[in-house]
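Colleague: Once you've had a glance at the structure underneath, I'll fire off some questions.
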Amino acid sequence: MERFFKSDFFYDFLRAPVAIISFCVVALLVLSAIFAQFIAPTNPFDPASLELMNGFTPPMEPNMFTGDVFLLGADDQGRDLFSAILYGLRISLFVGIMAVSLAMVMGVLLGLIAGYVGGWLDNLIMRLADIQMTFPSILIAMLIFGVARGLLPPELRYEMAITVLIISIGLSEWVPFARTVRGTTMVEKEKEYVAAAQLIGLKRWQIMIRHILPNVLGPVLVIATITFALAIIAEASLSFLGVGAPRTEPSLGTLIRVGQDFLFSGEWWILLFPALTLLALALAVNLLGDWLRDTLNPRLK
Amino acid sequence: MDDNLLEVRNISVTFKNRYGTLKALDNLSLNVKKGEILGLVGESGAGKSMTGAAILGLIDPPGHMSSGEIWYKGKCINDAHEAIRGREISMIFQDPLMSLNPLRRIGDQLLETILTHMNVTKSEAIKRARKGLEEVGIDPNRLNSYPHTFSGGMRQRVVIALALAPEPSLIIADEPTTALDVSVQAQILDLLKNLCKERGTSIILVTHDMGVIAQTTDRVGVLYAGRLAEIGDTREVLTNPKHPYTKGLVDSTPRIDANSFYKELYQISGTMPKLDAMPNGCAFHPRCEFAIDKCSKETPQVFSDRAACWLLENEAIVE
Amino acid sequence: MSFVQAKDLTREYDLSDPFIVRTIAMRPKRILTAVDNVSFSIEKGTTYALVGESGSGKSTIAKMAVGLLKPTSGSLLVDGKNLNDPFLPKEEKLALRRRIQMVFQSPYASLNPRWKVGDIIAEPIKAFRLINDHASQINRVHELLEQVGLSTSDVNKFPHEFSGGQRQRISIARALSSEPEIIICDEPTSALDVSVQAQVLNLLKSLQKEYSLTYLFITHDLAVVSTMANKIGVLNQGKLVEEQTPENLFSNPKKAYTKMLLNSAPNINF
C-alpha cells in the first residue's frame, strides 16, 4: 500500500486536477449509494411508505396537503426524489459494476485463448466478435433481455430483472476487452520469457494465466473504466425504454423515463435531478478513464 | 581553430524529473575538423546519441541544453538549429526501417529532401536523385520502389543517399550499421567513408563497437556517464589509451587472434553509474584500478587535449 | 556417441499460397529451407559455437535443440535421447527437459516483467520438483543469485530494476536452477555493451568449469567465438559450410564464405 502512495502513478494523479475532481465525484456518488440507507430520509422502494397525496411536490416546498418537505421534490407517486436517486444510484452502480465484470472476465479469457492458441479457434472467436460489433450494443442487450424474459416463467421475471439486465449488458460489451487482450497476447507470446516457460514443460493454460495474463491487464483497466460508463448509460437507456429496472425499484434510467412524461406539464424536477446525477456519474467515470489511459500509456513504452 | 567545422563548447543537457535534475551530458566539449571522421564511442547511457541530438537541436522536452554553445562554421548556432538541420548537417539513424516512410516510394522521399533544401527545378532534382542512388550502388531505376522491397543493407544505402542529397558539410551517423549483418556492415562503412572523403564531408560516427571505430574513424572521443573521458587520434587512443576507462574498454573487447583463444577476457568491475547516482569527482573512479585520492573529490578536466584524468595532471605540467 | 548429436537436421517452412490460389494461378509451392541437413556433434563439457549471419538458421537450430520447434527431418539427440520423439513418455520428456536449458538473446524480453526475480529463478525448481520444501527453495535461489554475482536481496526486486548485464545474469541463474547438463546460449551477449559482455562471458566460462556444462553457443560475432569455443561451425543460409577448431578456422579458413566473414568482421587490431 505504501508503495502505491510513493509511486509515480500517484504522483501524476496528484498533479492532474481533472483526475482528482472526477475521482472525488465518483467516490462521492459511490459512497452515497453504499450508505443510502443512512442518508436517505425515506425508503422509496417500500410502497407502504408512500403517500399519494405527496405527489408532485416541488423541491423544498411543503406539500399543501401533508406538509412534508422533500429536498429534491417528489415524483408522481409521492416518492422522495432524493431517496429515489440514492437508491437508484445503487442499482445503476451495481448493474454497471457487475456487467463490466462479466464483460471483462469473458473478454479477457476469450482474448487470451484467441491470441495464444491461434488457428481456427482464434478465427472463430474473432468472427463472433465481428458479428456482434455490427449491432449496436443496446440492440444486443435488448435482444438478450427479450429472449431471457421470454424463457423465464412469469413469476421469476420480476426478481430476475436485474440479473437479466446485468447479463445482457455484460454480454454486449466483451468485444473491446477480447480484441485488446488478443493483440497484446500475440505480442507477448513471441517474447522469450514465454519460451523459457515452455522449456520447463508448463502446459498452455498455465503459461496463459501465470505469465501472459499479468502482462495484458494494463490496458484492460482503462477499457473497464470506459465500459463502466457505457454500462451505466446502457442500463439507463434500457430502463428508459421500459425494459430495465421496474417502476417499483427504479434505477436512474427509470426515474428519467418517468420524469420525461411530466417535463412539459411543469414538474421539471422529476426529470432534472436524476438526469443530472446520471450525467455527473458518466462524465466523471469517462474523464477518469481517459486520464488513466493517458497516464498509463507512455509508461508502457 | 580555423579548420574546425564544428565546435561543441562545454554543453550540458539536463532533464528534470520528480526527484531532481539529471545531467545527461556534463560540460562536454569536442570539435570536428573539415573532412574528418570523428568517432563517438561509449556504452549505453554514456550520452553519445544525446550529443548528436544536442548538435541538431533534437532533444525532446523535459530535456534541454542547459549550458554551453555549439559553433558551426565560425558561428554560434544555439538558436539556429532549424535552418541548419537537414541542409548543412544531416543525420543517419540506426534502424533503416524507421528512417524511411514505408508508404512512400524512395524516389518521392529523395525528391522531397532535395527540393526542400536546394533551389532546383523538379527535373534537375530527379537527375540528382538518380545520381545519388547510383553513387550508393543502387540501380537508379528503382526510384519508384517502396522501402520494403529492399533488404536492410540496401535500405541503409538509400538512407545514406538521402543524407548526402542536400550536400551537407557534416553527417551525424548514429549507429548506422548496428542492425546489419557483419558482411553488409563492412560494405556500408566503406561506402560512407569513401563518399565522404570524396566530398570533404565530415562525419560524426556514433557507435559502441570498438572494431568499427578502429576501421573507420580518424579521431575518436570516448564518452562515459555523460562526460568526455578521452579524445584523440584513433590509432593513438586505441593502442596507447591514456584514460583507464578507455584502456578497460580496449582490453575487454574480444579479438580474433591466436593469443586470445579460450582465454578469460579482461573485465572492468562494476557498471556505469546511473545518472541519479553519480559518484563525486571522477565518474569512473569507483571502478578504476589506478584511482588516487583526488579522483574521488574533484572532477578532472581534460589534460593535454587528450584525457580527463588526474593521472595526466603531472604530465601536462611537465609539458 | 557424443553427448549431443545432430544428424541431417532439417527444417522447412511452407510459404506457398493456399491450395486454391495455387491451382488457379498455377504457381508452384514455395518451400523455405531454414536448416538444410546440418550435422554436428558436441562432446560433454565443451563449447560448440554456431556462427552465422541473419537467415543462416542458427536460431532455428537452437529452438530445435530445446524442443520448441520440431525438425522436418533428421534428429538432434542429447545423451542418446530425442526431445522431439512423439513416443517419448511424459515423465522421460520432462526429465530430459530438465537437462537442457537456454539463455536467450534479449535481456528485456527473456524475464517476465511482472514476476519477482526470486520467483523467476525458482520456477524451474518447482516445475521439475527438484526441491519440495519452501525454505530450501529459497536457500537454493539465494545460492544461485550469489553464484552469478548478484546479491540475495535481489530476490524481491523486479527485472526492470536491473541493467541489461544483470538481467542476463538472472537468466543464467534461472537456466542453472534446473541443474542442467547442457545450456544453449542464443546470442547471450549481442545486446550487451562490451565491458558487460566481458563479465557475462567470463561468468559463463567459470560456470562451465565448475559444473562441467556443455554449451551450444550461437552468435554472429567471430571475435566472441574465439574466446569461448572449442569447436566452431559456420552456417550459411541453412547449410553448415565449415567446421573447425578456432586455431584452424582463423589461421586457415577453407571456404570462401568463412574467409568473407573473417575479412568483414570489424577488428580492433590495426
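Naming works like this for the C-alpha cells: A, B, ... for the chains as they're shown, residue 1 at the start of each chain, ligands 1 onward in shown order.
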What are the residues of chain A lining chain C at 6 Å or less? Count only C-alpha atoms, and put the answer as an MDAnalysis selection string.

Modeller: chainID A and resid 191:193

Colleague: Near Lys294 in chain B, within 12 Å and counting only C-alpha atoms, which residues show up once chain neighbours fewer than 6 positions away are dropped, as a list in words?

Modeller: Asn280, Gly281, Cys282, His285, Pro300, Cys309, Trp310, Leu311 and Glu313 of chain B

Colleague: Apply DSSP to the backbone of this structure and, from range 137-229 of chain B, keep only the residues in alpha helix (DSSP H); write these as a ChimeraX atom specification.

Modeller: /B:152-164,182-199,210-216

Colleague: Those same residues - C-alpha atoms - I'd like them written as a PDB file, in the first residue's frame.

Modeller:
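What landed in selection_34.pdb:
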ATOM      1  CA  GLY B 152      18.287  -3.979 -44.708  1.00  0.00           C
ATOM      2  CA  GLY B 153      21.656  -3.115 -46.159  1.00  0.00           C
ATOM      3  CA  MET B 154      20.178  -1.569 -49.281  1.00  0.00           C
ATOM      4  CA  ARG B 155      17.753   0.468 -47.242  1.00  0.00           C
ATOM      5  CA  GLN B 156      20.637   1.885 -45.305  1.00  0.00           C
ATOM      6  CA  ARG B 157      22.258   2.815 -48.617  1.00  0.00           C
ATOM      7  CA  VAL B 158      19.089   4.681 -49.528  1.00  0.00           C
ATOM      8  CA  VAL B 159      19.258   6.454 -46.204  1.00  0.00           C
ATOM      9  CA  ILE B 160      22.850   7.440 -46.924  1.00  0.00           C
ATOM     10  CA  ALA B 161      21.760   8.774 -50.313  1.00  0.00           C
ATOM     11  CA  LEU B 162      19.051  10.755 -48.539  1.00  0.00           C
ATOM     12  CA  ALA B 163      21.572  12.148 -46.086  1.00  0.00           C
ATOM     13  CA  LEU B 164      24.007  13.162 -48.833  1.00  0.00           C
ATOM     14  CA  VAL B 182      28.572  -8.228 -40.437  1.00  0.00           C
ATOM     15  CA  SER B 183      29.259  -8.604 -44.143  1.00  0.00           C
ATOM     16  CA  VAL B 184      26.876  -5.816 -45.066  1.00  0.00           C
ATOM     17  CA  GLN B 185      28.229  -3.671 -42.260  1.00  0.00           C
ATOM     18  CA  ALA B 186      31.679  -3.590 -43.803  1.00  0.00           C
ATOM     19  CA  GLN B 187      30.307  -2.533 -47.177  1.00  0.00           C
ATOM     20  CA  ILE B 188      28.185   0.249 -45.728  1.00  0.00           C
ATOM     21  CA  LEU B 189      31.037   1.637 -43.664  1.00  0.00           C
ATOM     22  CA  ASP B 190      33.370   1.629 -46.647  1.00  0.00           C
ATOM     23  CA  LEU B 191      30.735   3.330 -48.752  1.00  0.00           C
ATOM     24  CA  LEU B 192      30.180   6.022 -46.176  1.00  0.00           C
ATOM     25  CA  LYS B 193      33.872   6.559 -45.731  1.00  0.00           C
ATOM     26  CA  ASN B 194      34.630   6.827 -49.443  1.00  0.00           C
ATOM     27  CA  LEU B 195      31.754   9.086 -50.320  1.00  0.00           C
ATOM     28  CA  CYS B 196      32.647  11.472 -47.545  1.00  0.00           C
ATOM     29  CA  LYS B 197      36.327  11.591 -48.318  1.00  0.00           C
ATOM     30  CA  GLU B 198      35.453  12.395 -51.918  1.00  0.00           C
ATOM     31  CA  ARG B 199      33.244  15.295 -50.970  1.00  0.00           C
ATOM     32  CA  MET B 210      35.392  -0.584 -30.986  1.00  0.00           C
ATOM     33  CA  GLY B 211      36.134  -2.539 -34.132  1.00  0.00           C
ATOM     34  CA  VAL B 212      34.078  -0.133 -36.223  1.00  0.00           C
ATOM     35  CA  ILE B 213      35.942   2.763 -34.634  1.00  0.00           C
ATOM     36  CA  ALA B 214      39.285   1.196 -35.447  1.00  0.00           C
ATOM     37  CA  GLN B 215      38.490   0.602 -39.082  1.00  0.00           C
ATOM     38  CA  THR B 216      36.573   3.716 -39.986  1.00  0.00           C
TER      39      THR B 216
END

Colleague: List every residue of chain C that has an atom at most 8 Å from any atom of chain B, and for each one report the closest atom pair and its distance in Å to one decimal, counting only C-alpha atoms, with rows sorted by chain and then by increasing residue number, as a Markdown table.

Modeller:
| residue | atom | partner | partner_atom | distance |
| --- | --- | --- | --- | --- |
| C:Glu53 | CA | B:Asp181 | CA | 5.9 |
| C:Ser54 | CA | B:Asp181 | CA | 6.6 |
| C:Asp193 | CA | B:Glu43 | CA | 5.7 |
| C:Val194 | CA | B:Thr253 | CA | 6.1 |
| C:Ser195 | CA | B:Ser252 | CA | 5.9 |
| C:Val196 | CA | B:Thr271 | CA | 7.6 |
| C:Ala198 | CA | B:Gln267 | CA | 5.5 |
| C:Gln199 | CA | B:Gln267 | CA | 5.7 |
| C:Leu201 | CA | B:Leu265 | CA | 7.8 |
| C:Asn202 | CA | B:Glu264 | CA | 6.1 |
| C:Lys205 | CA | B:Glu264 | CA | 7.9 |
| C:His220 | CA | B:Val182 | CA | 7.8 |
| C:Leu222 | CA | B:Ile256 | CA | 7.1 |
| C:Ala223 | CA | B:Arg255 | CA | 4.9 |
| C:Val224 | CA | B:Pro254 | CA | 5.7 |
| C:Ser226 | CA | B:Phe261 | CA | 5.3 |
| C:Thr227 | CA | B:Tyr262 | CA | 4.2 |
| C:Met228 | CA | B:Tyr262 | CA | 5.3 |
| C:Ala229 | CA | B:Tyr262 | CA | 6.7 |
| C:Asn230 | CA | B:Tyr262 | CA | 7.7 |
| C:Pro246 | CA | B:Phe261 | CA | 7.2 |
| C:Glu247 | CA | B:Ala258 | CA | 6.7 |
| C:Phe250 | CA | B:Ile256 | CA | 7.4 |
| C:Met260 | CA | B:Ser183 | CA | 7.4 |
| C:Leu261 | CA | B:Ser183 | CA | 6.3 |
| C:Ser264 | CA | B:Ser183 | CA | 5.3 |
| C:Ala265 | CA | B:Val182 | CA | 6.0 |
| C:Pro266 | CA | B:Gly211 | CA | 4.5 |
| C:Asn267 | CA | B:Gly211 | CA | 4.5 |
| C:Ile268 | CA | B:Gly211 | CA | 4.2 |
| C:Asn269 | CA | B:Ala214 | CA | 7.4 |
| C:Phe270 | CA | B:Ala214 | CA | 7.1 |

Colleague: Set the cut-off to 12 Å and count only C-alpha atoms: what are the residues of chain B that reach chain A? Output as a PyMOL selection string.

Modeller: chain B and resi 17-19

Colleague: Selection from above, C-alpha atoms, as an mmCIF file, in the first residue's frame, can you write it?

Modeller:
data_model
loop_
_atom_site.group_PDB
_atom_site.id
_atom_site.type_symbol
_atom_site.label_atom_id
_atom_site.label_comp_id
_atom_site.auth_asym_id
_atom_site.auth_seq_id
_atom_site.Cartn_x
_atom_site.Cartn_y
_atom_site.Cartn_z
ATOM 1 C CA ASN B 17 12.131 14.672 -13.055
ATOM 2 C CA ARG B 18 10.287 14.356 -9.767
ATOM 3 C CA TYR B 19 13.461 13.583 -7.846
#

Colleague: I'd like the interatomic distance between CA of Asn54 in chain A and CA of Pro246 in chain A, to a tenth of an Å.

Modeller: 21.0 Å

Colleague: Identify, with DSSP run on backbone atoms, the residues in range 38-233 of chain C assigned to strand (DSSP E), and express the list as a VMD selection string.

Modeller: chain C and resid 38 to 42 47 to 51 73 to 78 81 to 82 100 to 103 182 to 186 214 to 219 231 to 233

Colleague: How would the residues just picked look written out with N, CA, C and O atoms as a CSV table (one decimal), in the first residue's frame?

Modeller:
chain,number,residue,atom,x,y,z
C,38,VAL,N,21.9,-30.4,-41.5
C,38,VAL,CA,23.0,-30.0,-40.7
C,38,VAL,C,23.4,-31.1,-39.7
C,38,VAL,O,22.5,-31.6,-39.0
C,39,SER,N,24.6,-31.5,-39.7
C,39,SER,CA,25.1,-32.5,-38.7
C,39,SER,C,26.3,-32.0,-38.0
C,39,SER,O,27.2,-31.4,-38.5
C,40,PHE,N,26.3,-32.2,-36.7
C,40,PHE,CA,27.4,-31.8,-35.9
C,40,PHE,C,27.3,-32.6,-34.6
C,40,PHE,O,26.3,-33.2,-34.2
C,41,SER,N,28.4,-32.7,-33.8
C,41,SER,CA,28.4,-33.4,-32.6
C,41,SER,C,29.2,-32.6,-31.5
C,41,SER,O,30.1,-31.9,-31.9
C,42,ILE,N,28.8,-32.7,-30.3
C,42,ILE,CA,29.4,-31.9,-29.2
C,42,ILE,C,29.8,-32.9,-28.1
C,42,ILE,O,28.9,-33.6,-27.6
C,47,THR,N,32.4,-26.5,-25.5
C,47,THR,CA,31.6,-25.4,-26.1
C,47,THR,C,31.7,-25.5,-27.6
C,47,THR,O,32.7,-25.5,-28.2
C,48,TYR,N,30.5,-25.7,-28.3
C,48,TYR,CA,30.4,-25.7,-29.7
C,48,TYR,C,29.7,-24.4,-30.1
C,48,TYR,O,28.6,-24.1,-29.7
C,49,ALA,N,30.4,-23.6,-31.0
C,49,ALA,CA,29.8,-22.4,-31.4
C,49,ALA,C,29.3,-22.5,-32.8
C,49,ALA,O,29.9,-23.0,-33.7
C,50,LEU,N,28.1,-22.0,-33.0
C,50,LEU,CA,27.5,-21.9,-34.3
C,50,LEU,C,27.5,-20.5,-34.8
C,50,LEU,O,26.8,-19.6,-34.1
C,51,VAL,N,28.2,-20.2,-35.8
C,51,VAL,CA,28.3,-18.8,-36.3
C,51,VAL,C,27.6,-18.6,-37.6
C,51,VAL,O,27.7,-19.5,-38.5
C,73,SER,N,12.9,-33.1,-40.8
C,73,SER,CA,13.5,-34.4,-40.8
C,73,SER,C,14.9,-34.3,-40.1
C,73,SER,O,15.4,-33.3,-39.8
C,74,GLY,N,15.4,-35.5,-39.9
C,74,GLY,CA,16.7,-35.5,-39.1
C,74,GLY,C,16.4,-35.5,-37.6
C,74,GLY,O,15.3,-35.4,-37.2
C,75,SER,N,17.5,-35.5,-36.9
C,75,SER,CA,17.3,-35.6,-35.4
C,75,SER,C,18.4,-34.8,-34.7
C,75,SER,O,19.5,-34.6,-35.2
C,76,LEU,N,18.1,-34.5,-33.4
C,76,LEU,CA,19.1,-33.9,-32.6
C,76,LEU,C,19.0,-34.6,-31.2
C,76,LEU,O,18.0,-34.5,-30.5
C,77,LEU,N,20.0,-35.5,-31.0
C,77,LEU,CA,19.9,-36.3,-29.8
C,77,LEU,C,20.8,-35.7,-28.7
C,77,LEU,O,21.9,-35.3,-28.9
C,78,VAL,N,20.3,-35.7,-27.5
C,78,VAL,CA,21.0,-35.3,-26.3
C,78,VAL,C,21.2,-36.6,-25.4
C,78,VAL,O,20.2,-37.1,-25.0
C,81,LYS,N,19.0,-39.3,-26.4
C,81,LYS,CA,17.5,-39.2,-26.3
C,81,LYS,C,17.1,-38.1,-27.2
C,81,LYS,O,17.7,-37.1,-27.4
C,82,ASN,N,15.9,-38.2,-27.8
C,82,ASN,CA,15.3,-37.2,-28.7
C,82,ASN,C,14.1,-36.5,-28.1
C,82,ASN,O,13.1,-37.1,-27.8
C,100,ILE,N,18.3,-29.9,-20.4
C,100,ILE,CA,18.6,-28.9,-21.5
C,100,ILE,C,18.0,-27.6,-21.1
C,100,ILE,O,16.8,-27.5,-21.0
C,101,GLN,N,18.8,-26.5,-21.0
C,101,GLN,CA,18.2,-25.2,-20.8
C,101,GLN,C,18.8,-24.2,-21.7
C,101,GLN,O,19.7,-24.5,-22.5
C,102,MET,N,18.2,-23.0,-21.7
C,102,MET,CA,18.6,-22.0,-22.7
C,102,MET,C,18.8,-20.6,-22.1
C,102,MET,O,18.0,-20.2,-21.1
C,103,VAL,N,19.7,-19.9,-22.6
C,103,VAL,CA,19.9,-18.5,-22.2
C,103,VAL,C,19.6,-17.7,-23.5
C,103,VAL,O,20.2,-17.9,-24.5
C,182,ILE,N,23.3,-29.3,-20.3
C,182,ILE,CA,23.7,-28.6,-21.5
C,182,ILE,C,22.9,-27.3,-21.5
C,182,ILE,O,21.7,-27.3,-21.3
C,183,ILE,N,23.5,-26.2,-21.9
C,183,ILE,CA,22.9,-24.9,-22.0
C,183,ILE,C,23.1,-24.4,-23.4
C,183,ILE,O,24.2,-24.3,-23.9
C,184,ILE,N,21.9,-24.1,-24.1
C,184,ILE,CA,22.0,-23.4,-25.4
C,184,ILE,C,22.0,-21.9,-25.2
C,184,ILE,O,21.1,-21.4,-24.6
C,185,CYS,N,23.1,-21.3,-25.6
C,185,CYS,CA,23.2,-19.9,-25.4
C,185,CYS,C,22.9,-19.2,-26.7
C,185,CYS,O,23.8,-19.3,-27.7
C,186,ASP,N,21.8,-18.6,-26.8
C,186,ASP,CA,21.4,-17.9,-28.1
C,186,ASP,C,21.7,-16.5,-28.1
C,186,ASP,O,21.0,-15.6,-27.7
C,214,THR,N,28.0,-28.3,-20.8
C,214,THR,CA,28.2,-28.3,-22.3
C,214,THR,C,27.4,-27.1,-22.8
C,214,THR,O,26.3,-26.9,-22.5
C,215,TYR,N,28.1,-26.4,-23.7
C,215,TYR,CA,27.4,-25.2,-24.3
C,215,TYR,C,27.3,-25.4,-25.8
C,215,TYR,O,28.2,-25.7,-26.5
C,216,LEU,N,26.1,-25.0,-26.3
C,216,LEU,CA,25.9,-24.8,-27.7
C,216,LEU,C,25.8,-23.3,-27.8
C,216,LEU,O,24.8,-22.7,-27.4
C,217,PHE,N,26.8,-22.6,-28.4
C,217,PHE,CA,26.9,-21.2,-28.3
C,217,PHE,C,26.6,-20.6,-29.7
C,217,PHE,O,27.3,-20.8,-30.6
C,218,ILE,N,25.4,-19.9,-29.8
C,218,ILE,CA,25.0,-19.3,-31.1
C,218,ILE,C,25.4,-17.8,-31.1
C,218,ILE,O,25.1,-17.1,-30.2
C,219,THR,N,26.0,-17.4,-32.2
C,219,THR,CA,26.4,-16.0,-32.3
C,219,THR,C,26.7,-15.6,-33.7
C,219,THR,O,26.8,-16.4,-34.6
C,231,LYS,N,35.1,-25.7,-30.6
C,231,LYS,CA,34.9,-26.1,-32.0
C,231,LYS,C,33.9,-25.0,-32.6
C,231,LYS,O,32.9,-24.6,-31.9
C,232,ILE,N,34.1,-24.7,-33.8
C,232,ILE,CA,33.2,-23.7,-34.5
C,232,ILE,C,32.6,-24.3,-35.7
C,232,ILE,O,33.3,-24.9,-36.5
C,233,GLY,N,31.3,-24.0,-35.9
C,233,GLY,CA,30.6,-24.4,-37.1
C,233,GLY,C,30.1,-23.2,-37.8
C,233,GLY,O,29.4,-22.4,-37.1
